[in-house]
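*Asks:* Please see the structure below; I have some questions.
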Amino acid sequence: MKIAFVTPEAYPFAKTGGLADVSYSLPQALAHRDHDVLLIMPRYYRVDKNRFQLKQIPVPLGVPMGNGEKWAGIYYSNYVPNITALFIEHDNFFGRDGLYDDGYNAYADNGERFAFFCRAVLQALKVINFKPDIIHCNDWQTALVPVYLRTHYAHDEFYRSVSSVMVVHNVGYQGVFPAEMMQCAMIGWEYFHVGALEFYGQMNFLKGGIVFSDAVITVSRKYAQEIQRPEFGYDLAGVFASLGGRLYGIPNGVDYEKWDPQNDPRIPANFSSKKLSGKKKCKRYLQNRFNIQEIATVPLIGTVSRLTYQKGMDILVESLFILMKEHSCQFVIVGSGDGNLMWRFEELRKAFPDRVGIFWGYNEDLAHLVEAGADIYAMPSRYEPCGLNQMYSLRYGTVPVVHATGGLDDTIVDWFSNRERGTGFKCYDLSPGALAEVFSRVFEVYHNAEEWLKIVRRSMEVYYSWDEAAKEYEEVYRKLQLK
Ligand code: ADP
Ligand code: GLC
């Protein structure tokens, strides 16, 4: 099949979170299954033309917007093996440092930027004559593609046999803008009603994508259930519930070429479930790098995370205040995000300077080092569509402590409930006290070296394959093609 994979971010070109990892691995896995995959994303300023060997396609790309037409450039790169990546360039919209925000606030023109991107994608496919069977869209930034397909391009011969798939990686981000955005995006007011793009008087991009696409997929089975309930649906629960058989949950996999301690070049020593001595070295190195005491036997909790409400980092920091007073344990974090949360973690470091290590910012080497060197990985997300870090942690023998929600619940087996198969620990009630309580029970297990080793070894054997996920996507695509 010919698949156009449309995404706002993809590793290694530009990444803010897990979607970028997925946008690297899933196209590869689909290409391995003999599909012809074209990745399409914006050419942000940080997509380095030299490093990624971008070449311009010398054709003008006209994109209807507002009252007229805007012009864009098209570039391509074969930097990622097996995949052609296409970039839409428009200096005014994408020639800035951030992807969606300036580090503090979302860009004020995000609606215009991504409406433009969606329209540009459909224009570009025609210009380069890539006629897809499937257009696979990811998150709200790409969600107007299915809308345009059913409106402006509904009678376009080029798109006659195309089906669109809307993948929802996070319902917490929907792309909601004032109603006037309808005009800017050139979508007729007849679509501004509760059954289409209207959402409490505003225009909701993601809702459009869900309503107008042929299938909606989210990234774990449990999250596919959860989003149909008001607590998780962010006011779209009813829309998800009404999809019936059009809604699927397909769990993400792990790219073990990048995330495997046996051959990870980013960590100071390699190790495997059979030969774990390298992990001890990584722990020492991590402690040294973060300026905390180099002690082998103290439980070291690590996390790599966006600091947001979703990730439950507020709960984590408060639970650590409780925990650090009562137990000898250590904590390291690599992250960025909410300033108040950063401040609270700084307070924690001030209170326990030789036991708390912090790195603010985005750093891939440190993300790998935390995965390799910590004993316990903390992921107390309030909700988690899939989550990748808990799966990376399993591979690195860094036992996850997670809130039993979404993909976290699906991918971790709770040792407290199943000692024979347990790969991690689950917290069912998300409060600082409850989480601290779970950690203190986990420390007891940690100090039982024999049992801990069993859990570590078992978790390292877990395998979440992208090939399996790609097969499931393929099945959905095929169903749509038969229609
Ligand atoms: P989400 O996409 O919701 O942030 P995921 O667990 O799916 O959560 O994926 C997060 C990805 O982003 C992982 O690959 C993680 O290592 C990476 N990541 C998050 N924050 C940082 C950071 N500060 N530095 C490096 N990598 C980070
Ligand atoms: C989102 C979700 C995360 C998921 C990722 C990739 O960022 O928050 O849970 O793993 O997308 O699908």
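Scheme for the structure tokens: letters A, B, ... for chains in order shown; per-chain residue numbers from 1; ligand numbers from 1 in order shown.
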Could you make a table, as JSON lines, of the residues of chain A that have an atom within 10 Å of an atom of ligand 1, each with its nearest atom pair and distance in Å to one decimal, counting only C-alpha atoms and all ligand atoms, in chain and number order?

*Replies:*
```
{"residue": "A:Tyr11", "atom": "CA", "partner": "ligand 1", "partner_atom_place_in_ligand_line": "14 (O)", "distance": 9.5}
{"residue": "A:Lys15", "atom": "CA", "partner": "ligand 1", "partner_atom_place_in_ligand_line": "12 (O)", "distance": 7.6}
{"residue": "A:Thr16", "atom": "CA", "partner": "ligand 1", "partner_atom_place_in_ligand_line": "12 (O)", "distance": 6.3}
{"residue": "A:Gly17", "atom": "CA", "partner": "ligand 1", "partner_atom_place_in_ligand_line": "2 (O)", "distance": 3.8}
{"residue": "A:Gly18", "atom": "CA", "partner": "ligand 1", "partner_atom_place_in_ligand_line": "9 (O)", "distance": 3.2}
{"residue": "A:Leu19", "atom": "CA", "partner": "ligand 1", "partner_atom_place_in_ligand_line": "2 (O)", "distance": 5.6}
{"residue": "A:Ala20", "atom": "CA", "partner": "ligand 1", "partner_atom_place_in_ligand_line": "11 (C)", "distance": 7.8}
{"residue": "A:Asp21", "atom": "CA", "partner": "ligand 1", "partner_atom_place_in_ligand_line": "14 (O)", "distance": 6.3}
{"residue": "A:Val22", "atom": "CA", "partner": "ligand 1", "partner_atom_place_in_ligand_line": "7 (O)", "distance": 8.4}
{"residue": "A:His169", "atom": "CA", "partner": "ligand 1", "partner_atom_place_in_ligand_line": "2 (O)", "distance": 8.0}
{"residue": "A:Asn170", "atom": "CA", "partner": "ligand 1", "partner_atom_place_in_ligand_line": "3 (O)", "distance": 7.5}
{"residue": "A:Val219", "atom": "CA", "partner": "ligand 1", "partner_atom_place_in_ligand_line": "7 (O)", "distance": 9.6}
{"residue": "A:Asn252", "atom": "CA", "partner": "ligand 1", "partner_atom_place_in_ligand_line": "7 (O)", "distance": 8.8}
{"residue": "A:Val254", "atom": "CA", "partner": "ligand 1", "partner_atom_place_in_ligand_line": "14 (O)", "distance": 9.8}
{"residue": "A:Trp259", "atom": "CA", "partner": "ligand 1", "partner_atom_place_in_ligand_line": "14 (O)", "distance": 9.4}
{"residue": "A:Thr303", "atom": "CA", "partner": "ligand 1", "partner_atom_place_in_ligand_line": "20 (N)", "distance": 8.9}
{"residue": "A:Val304", "atom": "CA", "partner": "ligand 1", "partner_atom_place_in_ligand_line": "20 (N)", "distance": 5.2}
{"residue": "A:Ser305", "atom": "CA", "partner": "ligand 1", "partner_atom_place_in_ligand_line": "20 (N)", "distance": 4.1}
{"residue": "A:Arg306", "atom": "CA", "partner": "ligand 1", "partner_atom_place_in_ligand_line": "20 (N)", "distance": 4.9}
{"residue": "A:Leu307", "atom": "CA", "partner": "ligand 1", "partner_atom_place_in_ligand_line": "20 (N)", "distance": 8.3}
{"residue": "A:Thr308", "atom": "CA", "partner": "ligand 1", "partner_atom_place_in_ligand_line": "4 (O)", "distance": 9.1}
{"residue": "A:Gln310", "atom": "CA", "partner": "ligand 1", "partner_atom_place_in_ligand_line": "3 (O)", "distance": 7.9}
{"residue": "A:Lys311", "atom": "CA", "partner": "ligand 1", "partner_atom_place_in_ligand_line": "3 (O)", "distance": 7.6}
{"residue": "A:Ile333", "atom": "CA", "partner": "ligand 1", "partner_atom_place_in_ligand_line": "23 (N)", "distance": 8.5}
{"residue": "A:Val334", "atom": "CA", "partner": "ligand 1", "partner_atom_place_in_ligand_line": "23 (N)", "distance": 5.0}
{"residue": "A:Gly335", "atom": "CA", "partner": "ligand 1", "partner_atom_place_in_ligand_line": "23 (N)", "distance": 3.6}
{"residue": "A:Ser336", "atom": "CA", "partner": "ligand 1", "partner_atom_place_in_ligand_line": "23 (N)", "distance": 5.4}
{"residue": "A:Gly337", "atom": "CA", "partner": "ligand 1", "partner_atom_place_in_ligand_line": "23 (N)", "distance": 8.7}
{"residue": "A:Phe359", "atom": "CA", "partner": "ligand 1", "partner_atom_place_in_ligand_line": "23 (N)", "distance": 8.0}
{"residue": "A:Trp360", "atom": "CA", "partner": "ligand 1", "partner_atom_place_in_ligand_line": "23 (N)", "distance": 6.8}
{"residue": "A:Gly361", "atom": "CA", "partner": "ligand 1", "partner_atom_place_in_ligand_line": "23 (N)", "distance": 5.1}
{"residue": "A:Tyr362", "atom": "CA", "partner": "ligand 1", "partner_atom_place_in_ligand_line": "24 (N)", "distance": 3.5}
{"residue": "A:Asn363", "atom": "CA", "partner": "ligand 1", "partner_atom_place_in_ligand_line": "24 (N)", "distance": 4.1}
{"residue": "A:Glu364", "atom": "CA", "partner": "ligand 1", "partner_atom_place_in_ligand_line": "25 (C)", "distance": 4.3}
{"residue": "A:Asp365", "atom": "CA", "partner": "ligand 1", "partner_atom_place_in_ligand_line": "25 (C)", "distance": 7.5}
{"residue": "A:Leu366", "atom": "CA", "partner": "ligand 1", "partner_atom_place_in_ligand_line": "25 (C)", "distance": 6.9}
{"residue": "A:Ala367", "atom": "CA", "partner": "ligand 1", "partner_atom_place_in_ligand_line": "25 (C)", "distance": 5.0}
{"residue": "A:His368", "atom": "CA", "partner": "ligand 1", "partner_atom_place_in_ligand_line": "16 (O)", "distance": 7.4}
{"residue": "A:Val370", "atom": "CA", "partner": "ligand 1", "partner_atom_place_in_ligand_line": "16 (O)", "distance": 9.4}
{"residue": "A:Glu371", "atom": "CA", "partner": "ligand 1", "partner_atom_place_in_ligand_line": "16 (O)", "distance": 8.6}
{"residue": "A:Met379", "atom": "CA", "partner": "ligand 1", "partner_atom_place_in_ligand_line": "6 (O)", "distance": 8.9}
{"residue": "A:Ser381", "atom": "CA", "partner": "ligand 1", "partner_atom_place_in_ligand_line": "3 (O)", "distance": 9.2}
{"residue": "A:Tyr383", "atom": "CA", "partner": "ligand 1", "partner_atom_place_in_ligand_line": "3 (O)", "distance": 9.4}
{"residue": "A:Glu384", "atom": "CA", "partner": "ligand 1", "partner_atom_place_in_ligand_line": "3 (O)", "distance": 7.0}
{"residue": "A:Pro385", "atom": "CA", "partner": "ligand 1", "partner_atom_place_in_ligand_line": "3 (O)", "distance": 7.7}
{"residue": "A:Cys386", "atom": "CA", "partner": "ligand 1", "partner_atom_place_in_ligand_line": "7 (O)", "distance": 6.2}
{"residue": "A:Gly387", "atom": "CA", "partner": "ligand 1", "partner_atom_place_in_ligand_line": "6 (O)", "distance": 3.6}
{"residue": "A:Leu388", "atom": "CA", "partner": "ligand 1", "partner_atom_place_in_ligand_line": "6 (O)", "distance": 3.8}
{"residue": "A:Asn389", "atom": "CA", "partner": "ligand 1", "partner_atom_place_in_ligand_line": "6 (O)", "distance": 4.5}
{"residue": "A:Gln390", "atom": "CA", "partner": "ligand 1", "partner_atom_place_in_ligand_line": "6 (O)", "distance": 7.0}
{"residue": "A:Met391", "atom": "CA", "partner": "ligand 1", "partner_atom_place_in_ligand_line": "6 (O)", "distance": 8.4}
{"residue": "A:Tyr392", "atom": "CA", "partner": "ligand 1", "partner_atom_place_in_ligand_line": "16 (O)", "distance": 8.3}
{"residue": "A:Ser393", "atom": "CA", "partner": "ligand 1", "partner_atom_place_in_ligand_line": "16 (O)", "distance": 9.9}
{"residue": "A:Gly407", "atom": "CA", "partner": "ligand 1", "partner_atom_place_in_ligand_line": "7 (O)", "distance": 9.5}
{"residue": "A:Leu408", "atom": "CA", "partner": "ligand 1", "partner_atom_place_in_ligand_line": "6 (O)", "distance": 9.6}
```

*Asks:* Can you list, as JSON, numbers by chain, every protein, DNA or RNA residue that comes within 10 Å of Ala108 in chain A when you count only C-alpha atoms, leaving out same-chain residues fewer than 6 positions away?

*Replies:* {"A": [100, 101, 177]}

*Asks:* Take the residues from that selection and put them in a file with N, CA and C atoms, as a short mmCIF file (atom, residue, chain, number, x, y, z; two decimals), in the first residue's frame.

*Replies:*
```cif
data_model
loop_
_atom_site.label_atom_id
_atom_site.label_comp_id
_atom_site.auth_asym_id
_atom_site.auth_seq_id
_atom_site.Cartn_x
_atom_site.Cartn_y
_atom_site.Cartn_z
N TYR A 100 5.72 24.09 18.78
CA TYR A 100 4.35 24.53 19.07
C TYR A 100 4.31 25.73 20.01
N ASP A 101 5.44 26.02 20.67
CA ASP A 101 5.46 27.11 21.65
C ASP A 101 6.85 27.72 21.73
N PHE A 177 -9.76 26.54 18.74
CA PHE A 177 -9.52 27.94 18.35
C PHE A 177 -10.84 28.68 18.19
#
```

*Asks:* Could you check how far CA of Tyr285 in chain A sits from CA of Cys329 in chain A, in Å to one decimal?

*Replies:*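 Separation between CA of Tyr285 in chain A and CA of Cys329 in chain A: 16.7 Å.
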
*Asks:* What separation in Å, quoted to one decimal, exists between CA of Gln228 in chain A and CA of Asp409 in chain A?

*Replies:*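 That distance, rounded to one decimal, is 16.8 Å.
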
*Asks:* Which residue is closest to Pro146 in chain A? Choose from A:Phe205, A:Phe130, A:Tyr473, A:Tyr104 and count only C-alpha atoms.

*Replies:* A:Phe205

*Asks:* If you run DSSP on the backbone here, which positions in range 48-231 of chain A get strand (DSSP E or B)? Please write them as a ChimeraX atom specification.

*Replies:* /A:55-65,68-77,84-89,101,106,134-138,163-168,176-178,198-199,202-204,215-218

*Asks:* Select from range 251-471 of chain A everything DSSP, run on the backbone, classes as alpha helix (DSSP H), then give the selection as a ChimeraX atom specification.

*Replies:* /A:277-289,313-326,339-351,364-373,389-395,406-411,432-446,449-461,466-471

*Asks:* Would you kindly return, as a list in words, each protein, DNA or RNA residue with an atom no farther than 8 Å from any atom of Val37 in chain A, considering only C-alpha atoms and excluding same-chain residues fewer than 4 positions away?

*Replies:* Lys2, Ile3, Ala4, Phe5, Pro27, Leu30, Ala31, Ile83 and Thr84 of chain A

*Asks:* Those residues you just picked out, can you put them in a file as a PDB file, in the first residue's frame with N, CA and C atoms?

*Replies:*
```pdb
ATOM      1  N   LYS A   2       0.326   2.309  -0.512  1.00  0.00           N
ATOM      2  CA  LYS A   2       1.029   3.599  -0.444  1.00  0.00           C
ATOM      3  C   LYS A   2       0.449   4.393   0.724  1.00  0.00           C
ATOM      4  N   ILE A   3       1.326   4.730   1.645  1.00  0.00           N
ATOM      5  CA  ILE A   3       0.854   5.382   2.877  1.00  0.00           C
ATOM      6  C   ILE A   3       1.523   6.749   3.040  1.00  0.00           C
ATOM      7  N   ALA A   4       0.699   7.774   3.171  1.00  0.00           N
ATOM      8  CA  ALA A   4       1.240   9.100   3.516  1.00  0.00           C
ATOM      9  C   ALA A   4       1.104   9.244   5.025  1.00  0.00           C
ATOM     10  N   PHE A   5       2.224   9.355   5.702  1.00  0.00           N
ATOM     11  CA  PHE A   5       2.255   9.408   7.169  1.00  0.00           C
ATOM     12  C   PHE A   5       2.486  10.863   7.577  1.00  0.00           C
ATOM     13  N   PRO A  27       6.649   4.148  10.689  1.00  0.00           N
ATOM     14  CA  PRO A  27       6.899   4.144   9.245  1.00  0.00           C
ATOM     15  C   PRO A  27       7.940   3.098   8.836  1.00  0.00           C
ATOM     16  N   LEU A  30       6.349  -0.303   8.946  1.00  0.00           N
ATOM     17  CA  LEU A  30       5.437  -0.469   7.798  1.00  0.00           C
ATOM     18  C   LEU A  30       6.242  -0.690   6.514  1.00  0.00           C
ATOM     19  N   ALA A  31       7.352   0.025   6.400  1.00  0.00           N
ATOM     20  CA  ALA A  31       8.205  -0.133   5.211  1.00  0.00           C
ATOM     21  C   ALA A  31       8.786  -1.544   5.164  1.00  0.00           C
ATOM     22  N   ILE A  83      12.813   5.306   4.192  1.00  0.00           N
ATOM     23  CA  ILE A  83      11.710   6.253   4.279  1.00  0.00           C
ATOM     24  C   ILE A  83      12.081   7.537   3.537  1.00  0.00           C
ATOM     25  N   THR A  84      11.169   8.020   2.729  1.00  0.00           N
ATOM     26  CA  THR A  84      11.373   9.364   2.199  1.00  0.00           C
ATOM     27  C   THR A  84      10.592  10.313   3.093  1.00  0.00           C
TER      28      THR A  84
END
```

*Asks:* Kindly give the distance, in Å, that separates CA of His136 in chain A and CA of Val216 in chain A, rounded to a single decimal.

*Replies:*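 CA of His136 in chain A sits 10.0 Å away from CA of Val216 in chain A.
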
*Asks:* Please identify all polymer residues within 10 Å of Gly66 in chain A, counting only C-alpha atoms, omitting same-chain residues fewer than 6 positions from it, and present them as a list of chain:residue names.

*Replies:*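 Non-adjacent residues within range: A:Glu112, A:Phe116, A:Met181, A:Met182, A:Gln183, A:Cys184, A:Ala185, A:Met186, A:Ile187.
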
*Asks:* Could the residues in this selection be written to a file with C-alpha atoms, as a PDB file, in the first residue's frame?

*Replies:*
```pdb
ATOM      1  CA  GLU A 112      -3.322  29.092  11.206  1.00  0.00           C
ATOM      2  CA  PHE A 116      -1.913  25.689   6.506  1.00  0.00           C
ATOM      3  CA  MET A 181     -10.566  30.017  12.373  1.00  0.00           C
ATOM      4  CA  MET A 182     -13.146  28.301  10.148  1.00  0.00           C
ATOM      5  CA  GLN A 183     -12.765  31.154   7.688  1.00  0.00           C
ATOM      6  CA  CYS A 184      -9.010  31.251   7.864  1.00  0.00           C
ATOM      7  CA  ALA A 185      -8.932  27.488   7.206  1.00  0.00           C
ATOM      8  CA  MET A 186     -11.492  28.025   4.423  1.00  0.00           C
ATOM      9  CA  ILE A 187     -13.960  25.516   5.820  1.00  0.00           C
TER      10      ILE A 187
END
```

*Asks:* Set the distance at 8 Å and use only C-alpha atoms: which residues neighbour Asp429 in chain A once local chain neighbours fewer than 3 positions away are removed? I'd like the list as an MDAnalysis selection string.

*Replies:* chainID A and resid 403 434:435
